[in-house]
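Student: For reference, the structure I am asking about is given below.
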Amino acid sequence: MVAHLLKLKLTLLRNGLRRSPWQLVGLIIGGLYALGMVTMLIIGLFLLPQAGIPVAHTVIVLGGAAAVLGWALLPVVLSAADLTLDPSRFTTYAIPMPRMLAGLALGGLIGIPGTTTALVSLGTVATWSQGILPALGALAGAVLGTMTCIVIARVTTSATAGLASSRKFKDASGVIAFIPLMLLGPIMAGIAQGISNSAGFLTVLAQGVSWTPFGAAWSLGGDLAAGNGGAAMLKLVLACAYLALLVWAWKILLARALVNPAYSGGSTKRGRKLGFFALTPSTPAGAVTARALTYWFRDPRYGGSLVVIPLLAVVLFFQSAQNGDAGSLVVMGPLTAFLMAWSISADVSYDNTAFALHLSTGVSGRADRLGRALACLVLSVPLVLFFTVLPFAISGDWTWLPGVLGLSIGVLLTGLGLSSVVSARYNVAVPLPGDSPFKKPPGNTAQTMLVQFGGMLLLVLLAAPEIGLIITQSVTGNAVFGWINLVVGPILGLALFAAGVRIGGRWLDARGPEMLAQLSVNR
């Protein structure tokens with residue numbers, strides 16, 4: 001049964017790659033990136049002994065503990081991520097629990113994350129290869145540490161199975177996950193500053209972590225290399241006990257989940273008010289606008305953009321405070337316009353099969369394109385104006401405001417027009433409705449990357465007149481070019497916006513059934 005589960009995992013992976021050659025290309029790119037990271041880490045582990053046993057021991061223990069912690073937390077944050085061997089799919093099969101546990105655990109090694117973790121863990125053997133006992137201890141620690149990563153991920157996944165079936169939890173976790181990712185730079189800088197101000201902090205921390213489930217396995221090679229055989233034996237027993245305890249907890253949680261699977265059906269609720277539909281005109285474009293605004297506030301795949309932009313402002317403010325130069329804040333307005341405008345470049349793909357409603361009701365392509373763009377404008381204009389004016393209000397120098405404001409408005413309108421064309425022409429692989437924004441969907445990953453990066457490059461080219469005027473003002477120091485930009489940006493942006501809505505609507509009318517057929521594949 002264990003071999004059958006592993007074969008099933010490989011078969012599902014192979015069939016997923018057969019769906020599209022672009023997905024295979026994306027997997028190869030991801031594999032090459034992971035291979036490069038693994039190679040760098042293994043080389044670092046091989047050279048680590050030159051820094052001394054205490055430093056090597058500290059680095060490996062803390063690095064291994066971070067890996068275990070990551071495997072424990074990511075399934076909670078990314079609870080809607082795809083699990084090829086989802087235990088809920090085996091509810092109706094009488095598979096013996098020990099065999100299912102072994103098959104699911106070993107199946108976790110199949111894939112880029114599991115393989116990467118296993119290879120880097122085995123790389124610690126090279127760190128402690130100066131002696132036989134330290135190398136054997138590192139090998140045992142690598143096996144125990146890797147299996148601890150796999151099992152603790154399964155424990156957290158099984159423990160949060162009920163939460164994962166909740167739509168509110170999916171939405172909240174998907175949006176909240178953006179926050180630490182966006183603030184990773186300031187967080188890491190703060191941690192580094194705290195560590196630099198505390199001599200010996202990491203060494204003491206590693207010694208404490210080495211007795212916990214997060215670091216016990218990773219400390220075996222270092223303790224044996226330092227001559228602490230008694231501590232190594234005790235930690236080996238602890239590492240085995242911790243792993244056994246995790247397996248036991250996983251067994252209980254999995255048995256409970258298989259007997260009482262999470263219910264994800266609908267619930268009965270009373271009818272609500274019309275919401276945005278009561279605020280928009282009773283026209284096809286108005287109805288599409290109200291529908292799109294509803295998605296912006298209720299779909300985390302859209303709402304993530306509204307969270308990222310303020311966090312991006314925090315990052316820029318942090319960098320400007322570190323450098324002592326507030327000039328970098330000037331880009332916040334145009335950057336906000338760029339991100340918001342491009343956020344609807346895959347809106348038809350986000351609709352998935354619900355796009356059939358647009359076709360069945362006979363909404364014209366132009367009304368569809370206009371409604372989606374207006375919904376984005378309602379949210380974008382206040383954000384763009386706020387982040388454009390804020391840096392100048394802080395500095396008190398308003399010389400550059402007209403030029404930057406013209407650039408921001410031009411980029412916003414131009415980007416919305418271009419996004420209206422791109423989303424009507426190309427179907428890209430995006431997370432399905434109700435899924436986490438971080439989920440990696442099956443599909444043409446490489447084509448998606450080409451469309452997205454190519455469209456962004458084209459947007460920069462279309463905004464070249466506004467960018468050129470900003471550069472001219474910077475070179476000449478003449479503020480007149482900024483005022484010219486304030487006129488050129490909105491006029492050129494409106495022209496390209498209207499052209500994008502017209503061209504995108506024409507393409508959507510011509511390719512509507514083909515788009516729906518392509519969207520039906522990504523399910």
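Residue names in the structure tokens use chain letters A, B, ... in the order shown, residue numbers from 1 in each chain, and ligand numbers from 1 in the order shown.
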Could you pull out all residues of segment 220-453 of chain A with a DSSP call of alpha helix (DSSP H) and give them as a PyMOL selection string?

Tutor: chain A and resi 220-225+229-259+284-298+300-323+332-342+347-351+356-360+365-395+401-425+445-453

Student: Tell me which protein, DNA and RNA residues are within 8 Å of Leu253 of chain A, counting only C-alpha atoms, leaving out same-chain ones fewer than 6 positions away, and put them as JSON, numbers by chain.

Tutor: {"A": [155, 158, 159]}

Student: Convert the current residue selection to file output with N, CA and C atoms, as a short mmCIF file (atom, residue, chain, number, x, y, z; two decimals), in the first residue's frame.

Tutor:
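Now in result27.cif:
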data_model
loop_
_atom_site.label_atom_id
_atom_site.label_comp_id
_atom_site.auth_asym_id
_atom_site.auth_seq_id
_atom_site.Cartn_x
_atom_site.Cartn_y
_atom_site.Cartn_z
N VAL A 155 0.71 17.21 10.67
CA VAL A 155 -0.01 17.43 11.92
C VAL A 155 -0.78 18.75 11.87
N SER A 158 -3.70 18.47 9.39
CA SER A 158 -4.83 17.71 9.93
C SER A 158 -5.52 18.47 11.05
N ALA A 159 -4.73 19.18 11.87
CA ALA A 159 -5.32 19.91 12.99
C ALA A 159 -6.18 21.06 12.52
#

Student: Would you mind listing what lies within 12 Å of Val330 of chain A as a PDB file with C-alpha atoms, in the first residue's frame, with only C-alpha atoms counted and same-chain residues fewer than 3 positions away left out?

Tutor:
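Result file selection_13.pdb:
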ATOM      1  CA  ALA A 313       4.658  52.094   1.530  1.00  0.00           C
ATOM      2  CA  LEU A 316       9.745  52.352   1.336  1.00  0.00           C
ATOM      3  CA  PHE A 317       9.428  54.538   4.418  1.00  0.00           C
ATOM      4  CA  SER A 320      14.167  56.048   3.327  1.00  0.00           C
ATOM      5  CA  ASP A 325      16.823  60.267   1.976  1.00  0.00           C
ATOM      6  CA  ALA A 326      13.092  60.728   1.421  1.00  0.00           C
ATOM      7  CA  GLY A 327      13.499  60.976  -2.354  1.00  0.00           C
ATOM      8  CA  GLY A 333       2.428  57.173  -6.400  1.00  0.00           C
ATOM      9  CA  PRO A 334       3.428  55.855  -9.852  1.00  0.00           C
ATOM     10  CA  LEU A 335       4.174  52.438  -8.361  1.00  0.00           C
ATOM     11  CA  THR A 336       0.723  52.279  -6.758  1.00  0.00           C
ATOM     12  CA  VAL A 384      -2.893  56.906  -6.115  1.00  0.00           C
ATOM     13  CA  PHE A 386      -2.867  59.820  -1.463  1.00  0.00           C
ATOM     14  CA  PHE A 387       0.481  58.128  -2.081  1.00  0.00           C
ATOM     15  CA  THR A 388       1.407  60.695  -4.738  1.00  0.00           C
ATOM     16  CA  VAL A 389       0.789  63.718  -2.523  1.00  0.00           C
ATOM     17  CA  LEU A 390       2.036  62.224   0.773  1.00  0.00           C
ATOM     18  CA  PRO A 391       5.822  62.373   0.062  1.00  0.00           C
ATOM     19  CA  PHE A 392       5.608  66.046  -0.932  1.00  0.00           C
ATOM     20  CA  ALA A 393       3.499  66.856   2.113  1.00  0.00           C
ATOM     21  CA  ILE A 394       6.197  65.286   4.281  1.00  0.00           C
ATOM     22  CA  SER A 395       9.091  67.091   2.595  1.00  0.00           C
ATOM     23  CA  ASP A 397       8.702  70.752  -1.438  1.00  0.00           C
ATOM     24  CA  TRP A 398       5.892  70.741  -4.029  1.00  0.00           C
ATOM     25  CA  THR A 399       8.040  71.382  -7.122  1.00  0.00           C
ATOM     26  CA  TRP A 400       7.796  67.854  -8.476  1.00  0.00           C
ATOM     27  CA  LEU A 401       4.143  67.224  -7.606  1.00  0.00           C
ATOM     28  CA  PRO A 402       2.615  68.189 -11.008  1.00  0.00           C
ATOM     29  CA  GLY A 403       4.988  65.965 -12.977  1.00  0.00           C
ATOM     30  CA  VAL A 404       4.681  62.977 -10.653  1.00  0.00           C
ATOM     31  CA  LEU A 405       0.900  63.370 -10.461  1.00  0.00           C
ATOM     32  CA  LEU A 407       2.832  60.339 -14.452  1.00  0.00           C
ATOM     33  CA  SER A 408       0.726  58.522 -11.853  1.00  0.00           C
ATOM     34  CA  ILE A 470       9.925  63.473 -15.814  1.00  0.00           C
TER      35      ILE A 470
END

Student: Which residue is closest to Gly286 of chain A? Choose from A:Leu370, A:Ala498, A:Ile42, A:Val247 and count only C-alpha atoms.

Tutor: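 So, comparing all the options, the nearest one is A:Leu370.
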
Student: Between atom CA of Met449 of chain A and atom CA of Ser420 of chain A, what is the distance in Å, rounded to a tenth?

Tutor: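 Result for atom CA of Met449 of chain A versus atom CA of Ser420 of chain A: 17.8 Å, one decimal.
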
Student: Between atom CA of Val314 of chain A and atom CA of Leu383 of chain A, what is the distance in Å, rounded to a tenth?

Tutor: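 For atom CA of Val314 of chain A relative to atom CA of Leu383 of chain A, the distance reads 14.3 Å.
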
Student: Set the distance at 7 Å and use only C-alpha atoms: which residues neighbour Pro490 of chain A once local chain neighbours fewer than 5 positions away are removed? I'd like the list as a list in words.

Tutor: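 Listed by chain and then number, they are Gly406, Ile409 and Gly410 of chain A.
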
Student: My list of candidates is A:Gly52, A:Gly221, A:Gly70, A:Gly229. Which is closest to Leu122 of chain A when distances are computed with only C-alpha atoms?

Tutor: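 The shortest atom-to-atom distance to Leu122 of chain A comes from A:Gly221.
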
Student: Choose the residue, out of A:Ser349, A:Val480, A:Ala375, A:Gly454, that has the smallest atom-to-atom separation from Asn427 of chain A; count only C-alpha atoms.

Tutor: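 The answer is A:Ser349, which sits nearest to Asn427 of chain A.
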